[in-house]
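**Q** Quick one, protein.pdb (PDB, C-alpha atoms, pLDDT in the B column):
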ATOM      1  CA  MET A   1       5.380  52.939 -44.842  1.00 81.00           C
ATOM      2  CA  GLU A   2       7.332  55.784 -43.332  1.00 86.00           C
ATOM      3  CA  LYS A   3       8.441  56.077 -39.705  1.00 88.00           C
ATOM      4  CA  HIS A   4       5.835  58.742 -38.861  1.00 91.00           C
ATOM      5  CA  GLU A   5       3.081  56.574 -40.408  1.00 91.00           C
ATOM      6  CA  TYR A   6       4.225  53.588 -38.362  1.00 91.00           C
ATOM      7  CA  ASN A   7       4.216  55.674 -35.159  1.00 92.00           C
ATOM      8  CA  GLU A   8       0.698  56.894 -35.926  1.00 93.00           C
ATOM      9  CA  ILE A   9      -0.485  53.319 -36.514  1.00 92.00           C
ATOM     10  CA  VAL A  10       0.979  52.254 -33.171  1.00 92.00           C
ATOM     11  CA  LYS A  11      -0.710  55.181 -31.447  1.00 93.00           C
ATOM     12  CA  ILE A  12      -4.097  54.500 -33.042  1.00 92.00           C
ATOM     13  CA  HIS A  13      -4.272  50.703 -32.733  1.00 91.00           C
ATOM     14  CA  SER A  14      -2.238  49.714 -29.669  1.00 91.00           C
ATOM     15  CA  ASN A  15      -5.121  49.999 -27.169  1.00 92.00           C
ATOM     16  CA  SER A  16      -7.618  47.977 -29.199  1.00 90.00           C
ATOM     17  CA  LEU A  17      -5.003  45.315 -30.018  1.00 92.00           C
ATOM     18  CA  TYR A  18      -4.048  45.069 -26.362  1.00 93.00           C
ATOM     19  CA  GLY A  19      -7.684  44.771 -25.270  1.00 90.00           C
ATOM     20  CA  PHE A  20      -8.287  42.033 -27.814  1.00 90.00           C
ATOM     21  CA  ALA A  21      -5.191  40.116 -26.688  1.00 91.00           C
ATOM     22  CA  VAL A  22      -5.928  40.447 -22.957  1.00 90.00           C
ATOM     23  CA  ARG A  23      -9.493  39.205 -23.394  1.00 87.00           C
ATOM     24  CA  PHE A  24      -8.325  36.301 -25.512  1.00 87.00           C
ATOM     25  CA  LEU A  25      -5.308  35.216 -23.441  1.00 86.00           C
ATOM     26  CA  ARG A  26      -6.594  36.357 -20.034  1.00 85.00           C
ATOM     27  CA  ASN A  27      -3.060  37.344 -19.081  1.00 88.00           C
ATOM     28  CA  LYS A  28      -1.748  40.919 -19.325  1.00 92.00           C
ATOM     29  CA  ASP A  29       1.938  40.026 -19.570  1.00 92.00           C
ATOM     30  CA  ASP A  30       1.390  37.501 -22.356  1.00 91.00           C
ATOM     31  CA  ALA A  31      -0.804  40.017 -24.179  1.00 92.00           C
ATOM     32  CA  ARG A  32       1.889  42.703 -23.965  1.00 93.00           C
ATOM     33  CA  ASP A  33       4.461  40.294 -25.382  1.00 93.00           C
ATOM     34  CA  ILE A  34       2.219  39.311 -28.281  1.00 93.00           C
ATOM     35  CA  ILE A  35       1.383  42.940 -29.111  1.00 94.00           C
ATOM     36  CA  GLN A  36       5.046  43.936 -28.942  1.00 93.00           C
ATOM     37  CA  ASP A  37       5.920  41.108 -31.337  1.00 92.00           C
ATOM     38  CA  SER A  38       3.124  42.145 -33.705  1.00 93.00           C
ATOM     39  CA  PHE A  39       4.339  45.738 -33.855  1.00 93.00           C
ATOM     40  CA  GLU A  40       7.903  44.531 -34.358  1.00 93.00           C
ATOM     41  CA  LYS A  41       6.754  42.341 -37.267  1.00 93.00           C
ATOM     42  CA  LEU A  42       4.906  45.322 -38.739  1.00 93.00           C
ATOM     43  CA  TRP A  43       8.081  47.396 -38.602  1.00 92.00           C
ATOM     44  CA  LEU A  44      10.112  44.593 -40.187  1.00 91.00           C
ATOM     45  CA  ASN A  45       7.505  44.317 -42.949  1.00 90.00           C
ATOM     46  CA  CYS A  46       6.816  48.031 -43.341  1.00 88.00           C
ATOM     47  CA  GLU A  47       7.859  47.915 -47.010  1.00 89.00           C
ATOM     48  CA  LYS A  48       5.249  45.218 -47.748  1.00 90.00           C
ATOM     49  CA  VAL A  49       2.301  46.475 -45.687  1.00 89.00           C
ATOM     50  CA  GLU A  50       0.158  49.296 -47.021  1.00 90.00           C
ATOM     51  CA  VAL A  51      -0.783  51.960 -44.480  1.00 89.00           C
ATOM     52  CA  THR A  52      -4.482  51.463 -45.249  1.00 89.00           C
ATOM     53  CA  LYS A  53      -4.187  47.722 -44.539  1.00 88.00           C
ATOM     54  CA  ALA A  54      -2.091  48.026 -41.368  1.00 90.00           C
ATOM     55  CA  LYS A  55      -4.993  47.581 -38.940  1.00 90.00           C
ATOM     56  CA  SER A  56      -6.140  44.364 -40.559  1.00 88.00           C
ATOM     57  CA  TRP A  57      -2.555  43.139 -40.855  1.00 91.00           C
ATOM     58  CA  LEU A  58      -1.896  43.805 -37.156  1.00 92.00           C
ATOM     59  CA  PHE A  59      -5.043  42.065 -35.953  1.00 91.00           C
ATOM     60  CA  THR A  60      -4.341  39.072 -38.191  1.00 90.00           C
ATOM     61  CA  CYS A  61      -0.748  38.880 -36.962  1.00 91.00           C
ATOM     62  CA  THR A  62      -1.877  39.196 -33.333  1.00 92.00           C
ATOM     63  CA  TYR A  63      -4.592  36.570 -33.764  1.00 89.00           C
ATOM     64  CA  ASN A  64      -2.186  34.081 -35.337  1.00 88.00           C
ATOM     65  CA  ALA A  65       0.413  34.726 -32.637  1.00 90.00           C
ATOM     66  CA  MET A  66      -2.166  34.161 -29.888  1.00 88.00           C
ATOM     67  CA  ILE A  67      -3.302  30.877 -31.433  1.00 83.00           C
ATOM     68  CA  ASN A  68       0.292  29.688 -31.784  1.00 82.00           C
ATOM     69  CA  PHE A  69       1.101  30.802 -28.250  1.00 84.00           C
ATOM     70  CA  SER A  70      -1.932  29.011 -26.835  1.00 77.00           C
ATOM     71  CA  TYR A  71      -1.121  25.748 -28.551  1.00 70.00           C
ATOM     72  CA  ARG A  72       2.575  25.950 -27.776  1.00 70.00           C
ATOM     73  CA  ARG A  73       2.000  26.560 -24.083  1.00 65.00           C
ATOM     74  CA  GLN A  74      -0.979  24.226 -23.881  1.00 55.00           C
ATOM     75  CA  ARG A  75      -3.096  27.082 -22.637  1.00 40.00           C
ATOM     76  CA  MET A  76      -6.207  25.977 -24.371  1.00 43.00           C
ATOM     77  CA  ILE A  77      -8.843  26.043 -21.673  1.00 43.00           C
ATOM     78  CA  SER A  78     -10.758  22.800 -21.430  1.00 44.00           C
ATOM     79  CA  VAL A  79     -14.408  22.670 -20.515  1.00 39.00           C
ATOM     80  CA  ALA A  80     -13.654  20.238 -17.696  1.00 41.00           C
ATOM     81  CA  ASN A  81     -11.344  22.717 -15.960  1.00 47.00           C
ATOM     82  CA  ASN A  82     -13.656  25.686 -16.366  1.00 49.00           C
ATOM     83  CA  GLU A  83     -17.082  24.502 -15.439  1.00 48.00           C
ATOM     84  CA  LEU A  84     -19.612  27.164 -14.734  1.00 47.00           C
ATOM     85  CA  PRO A  85     -21.161  27.433 -11.276  1.00 46.00           C
ATOM     86  CA  GLU A  86     -24.061  25.217 -10.315  1.00 48.00           C
ATOM     87  CA  GLN A  87     -27.555  26.043 -11.457  1.00 46.00           C
ATOM     88  CA  GLY A  88     -29.551  28.265  -9.162  1.00 45.00           C
ATOM     89  CA  VAL A  89     -26.586  30.312  -7.932  1.00 45.00           C
ATOM     90  CA  LEU A  90     -27.712  33.921  -7.501  1.00 45.00           C
ATOM     91  CA  TYR A  91     -25.393  36.716  -8.666  1.00 45.00           C
ATOM     92  CA  HIS A  92     -26.008  40.173  -7.296  1.00 47.00           C
ATOM     93  CA  SER A  93     -23.236  42.377  -8.596  1.00 47.00           C
ATOM     94  CA  PRO A  94     -22.411  43.238 -12.197  1.00 47.00           C
ATOM     95  CA  TYR A  95     -18.787  42.299 -11.445  1.00 45.00           C
ATOM     96  CA  GLU A  96     -19.719  38.725 -10.528  1.00 57.00           C
ATOM     97  CA  SER A  97     -22.005  38.505 -13.559  1.00 61.00           C
ATOM     98  CA  GLN A  98     -19.233  39.748 -15.843  1.00 67.00           C
ATOM     99  CA  GLN A  99     -16.852  37.122 -14.459  1.00 71.00           C
ATOM    100  CA  VAL A 100     -19.326  34.358 -15.296  1.00 70.00           C
ATOM    101  CA  ILE A 101     -19.807  35.730 -18.820  1.00 71.00           C
ATOM    102  CA  ASP A 102     -16.035  36.038 -19.305  1.00 74.00           C
ATOM    103  CA  GLN A 103     -15.626  32.450 -18.202  1.00 75.00           C
ATOM    104  CA  ALA A 104     -18.344  31.287 -20.606  1.00 75.00           C
ATOM    105  CA  VAL A 105     -16.641  33.133 -23.485  1.00 78.00           C
ATOM    106  CA  SER A 106     -13.208  31.792 -22.527  1.00 76.00           C
ATOM    107  CA  ILE A 107     -14.173  28.184 -23.209  1.00 78.00           C
ATOM    108  CA  LEU A 108     -15.319  28.873 -26.771  1.00 84.00           C
ATOM    109  CA  PRO A 109     -13.195  27.585 -29.665  1.00 86.00           C
ATOM    110  CA  PRO A 110     -10.517  30.156 -30.639  1.00 85.00           C
ATOM    111  CA  ILE A 111     -12.208  31.352 -33.839  1.00 88.00           C
ATOM    112  CA  GLN A 112     -15.573  31.892 -32.112  1.00 89.00           C
ATOM    113  CA  LYS A 113     -13.904  33.528 -29.146  1.00 88.00           C
ATOM    114  CA  SER A 114     -12.027  35.919 -31.432  1.00 88.00           C
ATOM    115  CA  ILE A 115     -15.131  36.831 -33.393  1.00 90.00           C
ATOM    116  CA  ILE A 116     -17.246  37.489 -30.309  1.00 88.00           C
ATOM    117  CA  LEU A 117     -14.463  39.646 -28.815  1.00 87.00           C
ATOM    118  CA  LEU A 118     -13.925  41.623 -32.013  1.00 87.00           C
ATOM    119  CA  ARG A 119     -17.640  42.146 -32.702  1.00 88.00           C
ATOM    120  CA  ASP A 120     -19.240  42.561 -29.293  1.00 83.00           C
ATOM    121  CA  LEU A 121     -16.405  44.101 -27.296  1.00 79.00           C
ATOM    122  CA  GLU A 122     -14.334  45.945 -29.904  1.00 80.00           C
ATOM    123  CA  GLY A 123     -17.245  46.859 -32.198  1.00 84.00           C
ATOM    124  CA  TYR A 124     -15.752  45.810 -35.534  1.00 87.00           C
ATOM    125  CA  ALA A 125     -17.942  45.282 -38.610  1.00 90.00           C
ATOM    126  CA  TYR A 126     -18.404  41.828 -40.116  1.00 92.00           C
ATOM    127  CA  GLU A 127     -16.257  42.788 -43.116  1.00 91.00           C
ATOM    128  CA  GLU A 128     -13.406  43.975 -40.899  1.00 89.00           C
ATOM    129  CA  ILE A 129     -13.508  40.800 -38.812  1.00 90.00           C
ATOM    130  CA  GLY A 130     -13.531  38.734 -41.994  1.00 90.00           C
ATOM    131  CA  GLU A 131     -10.497  40.581 -43.253  1.00 88.00           C
ATOM    132  CA  ILE A 132      -8.670  40.126 -39.947  1.00 87.00           C
ATOM    133  CA  LEU A 133      -9.445  36.408 -39.635  1.00 87.00           C
ATOM    134  CA  ASN A 134      -9.437  35.601 -43.366  1.00 88.00           C
ATOM    135  CA  LEU A 135     -13.150  34.699 -43.440  1.00 90.00           C
ATOM    136  CA  SER A 136     -16.087  35.871 -45.521  1.00 93.00           C
ATOM    137  CA  PRO A 137     -18.624  38.158 -43.804  1.00 92.00           C
ATOM    138  CA  SER A 138     -21.203  35.367 -43.969  1.00 93.00           C
ATOM    139  CA  GLN A 139     -18.802  32.967 -42.218  1.00 93.00           C
ATOM    140  CA  VAL A 140     -18.250  35.592 -39.542  1.00 93.00           C
ATOM    141  CA  LYS A 141     -22.018  35.862 -39.003  1.00 93.00           C
ATOM    142  CA  VAL A 142     -22.379  32.072 -38.715  1.00 93.00           C
ATOM    143  CA  TYR A 143     -19.505  31.756 -36.224  1.00 93.00           C
ATOM    144  CA  LEU A 144     -20.839  34.698 -34.212  1.00 92.00           C
ATOM    145  CA  PHE A 145     -24.312  33.160 -34.065  1.00 93.00           C
ATOM    146  CA  ARG A 146     -22.853  29.846 -32.901  1.00 92.00           C
ATOM    147  CA  ALA A 147     -20.663  31.532 -30.294  1.00 90.00           C
ATOM    148  CA  ARG A 148     -23.548  33.552 -28.887  1.00 88.00           C
ATOM    149  CA  SER A 149     -25.738  30.432 -28.816  1.00 89.00           C
ATOM    150  CA  LYS A 150     -23.101  28.485 -26.870  1.00 88.00           C
ATOM    151  CA  VAL A 151     -22.698  31.300 -24.335  1.00 85.00           C
ATOM    152  CA  LYS A 152     -26.470  31.642 -24.023  1.00 84.00           C
ATOM    153  CA  ASN A 153     -26.892  27.899 -23.456  1.00 84.00           C
ATOM    154  CA  GLN A 154     -24.202  27.927 -20.767  1.00 79.00           C
ATOM    155  CA  LEU A 155     -25.797  30.857 -18.980  1.00 77.00           C
ATOM    156  CA  LYS A 156     -29.511  30.158 -19.368  1.00 75.00           C
ATOM    157  CA  HIS A 157     -29.867  28.265 -16.071  1.00 64.00           C
ATOM    158  CA  LEU A 158     -27.973  30.788 -13.956  1.00 64.00           C
ATOM    159  CA  ASN A 159     -29.786  33.519 -12.026  1.00 53.00           C
ATOM    160  CA  ILE A 160     -27.970  36.736 -12.797  1.00 50.00           C
ATOM    161  CA  THR A 161     -29.493  39.868 -11.225  1.00 47.00           C
ATOM    162  CA  GLN A 162     -28.355  43.446 -11.029  1.00 46.00           C
TER     163      GLN A 162
END
If you took the structure in this file and wrote it as structure tokens, what would it be?
**A**
Amino acid sequence: MEKHEYNEIVKIHSNSLYGFAVRFLRNKDDARDIIQDSFEKLWLNCEKVEVTKAKSWLFTCTYNAMINFSYRRQRMISVANNELPEQGVLYHSPYESQQVIDQAVSILPPIQKSIILLRDLEGYAYEEIGEILNLSPSQVKVYLFRARSKVKNQLKHLNITQ
């Protein structure tokens, strides 16, 4: 990989990587650090990484770094500390509704959380997600179904209106 190819990869993928990291970690500064480390690792491994595989390599590197960071800093969010509001609470604004959905997604296991963020928020195909997370497309579909079911079950008793 040449310098101009690396710069183009950074330009193309930095926003989507950052969005993925911020949604996963829920902290902008930590996300910036992780993304910076991922791009540094790409540069250090530029001889080994093919340009066509750089996107997948970056997302895999970022995902692994976020998992390691979360475990190291004990940032795994427990269900007990992030209970959803009581049943029957009425939400009027889309902002409040989005906060509740974000909170429901945040308590998913890391693999399900990553898949739901990559598929529903970033718009990646099952094959791309599988390549990023080292899963088969059918595994991705199963994890996505389970993640959506968990979020749906957490939200089904809340009254969310627009």
**Q** Using all atoms listed in the file, find the one residue out of A:Ser56, A:Asn153, A:Gln103, A:Thr62 that sits nearest to Phe20 in chain A.
**A**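 Of all the options, A:Thr62 lies closest to Phe20 in chain A.
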**Q** What's the separation between CA of Gln36 in chain A and CA of Leu144 in chain A, in Å to one decimal place?
**A**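 It comes out at 28.0 Å.
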**Q** Which is closest to Lys150 in chain A among A:Ile67, A:Ile107, A:Ala31, A:Leu25, if we use all atoms listed in the file?
**A** A:Ile107
**Q** Need to verify the contact set: range 122-135 of chain A, 7 Å, all atoms listed in the file, exclusion of same-chain residues closer than 6 positions in sequence. Can you return it as a list in words?
**A** Ser56, Trp57, Phe59, Thr60 and Ile115 of chain A
**Q** Would you mind exporting C-alpha atoms of the selected residues as a compact mmCIF listing (two decimals), in the coordinates of the input?
**A**
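Okay, this is what ended up in again_4.txt:
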# COMPACT_ATOMS: atom_id res chain seq x y z
CA SER A 56 -6.14 44.36 -40.56
CA TRP A 57 -2.56 43.14 -40.85
CA PHE A 59 -5.04 42.06 -35.95
CA THR A 60 -4.34 39.07 -38.19
CA ILE A 115 -15.13 36.83 -33.39
**Q** Quick one: pull the distance between CA of Glu47 in chain A and CA of Met1 in chain A, Å, one decimal.
**A**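 Those two atoms sit 6.0 Å apart.
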**Q** In the coordinates of the file, take the point (-20.8, 31.6, -28.5) and a cut-off of 8 Å; then, counting all atoms listed in the file, name each qualifying protein, DNA or RNA residue as a ChimeraX atom specification.
**A** /A:105,108,112-113,116,143-152
**Q** When you draw a straight line from CA of Val49 in chain A to CA of Ala65 in chain A, how long is it in Å?
**A**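 Computed distance, CA of Val49 in chain A to CA of Ala65 in chain A, equals 17.7 Å.
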**Q** If you count all atoms listed in the file, which residues fall within 9 Å of Phe39 in chain A, apart from same-chain ones fewer than 6 positions away, as a PDB file with C-alpha atoms, keeping the file's coordinate frame?
**A**
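Output file part33.pdb is given in full below:
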ATOM      1  CA  VAL A  10       0.979  52.254 -33.171  1.00 92.00           C
ATOM      2  CA  SER A  14      -2.238  49.714 -29.669  1.00 91.00           C
ATOM      3  CA  LEU A  58      -1.896  43.805 -37.156  1.00 92.00           C
TER       4      LEU A  58
END
**Q** Show which residues sit within 9 Å of range 7-9 of chain A, as a PyMOL selection string. Count only C-alpha atoms, and ignore same-chain residues fewer than 5 positions away.
**A** chain A and resi 2+14+51+54-55
**Q** Taking the file as shown, find all residues satisfying the PyMOL selection byres ((chain A and resi 21) around 9) and write them as a list in words.
**A** Ser16, Leu17, Tyr18, Gly19, Phe20, Val22, Arg23, Phe24, Leu25, Arg26, Asn27, Lys28, Asp30, Ala31, Arg32, Ile34, Ile35, Thr62, Tyr63 and Met66 of chain A
**Q** How big is the axis-aligned box, and where does its centre sit, when it encloses all atoms of range 40-58 of chain A listed in the file and has 5 Å added on every side, reported in Å to one decimal as JSON?
**A**
{"center_x": 2.0, "center_y": 47.2, "center_z": -41.1, "size_x": 26.3, "size_y": 19.6, "size_z": 23.4}
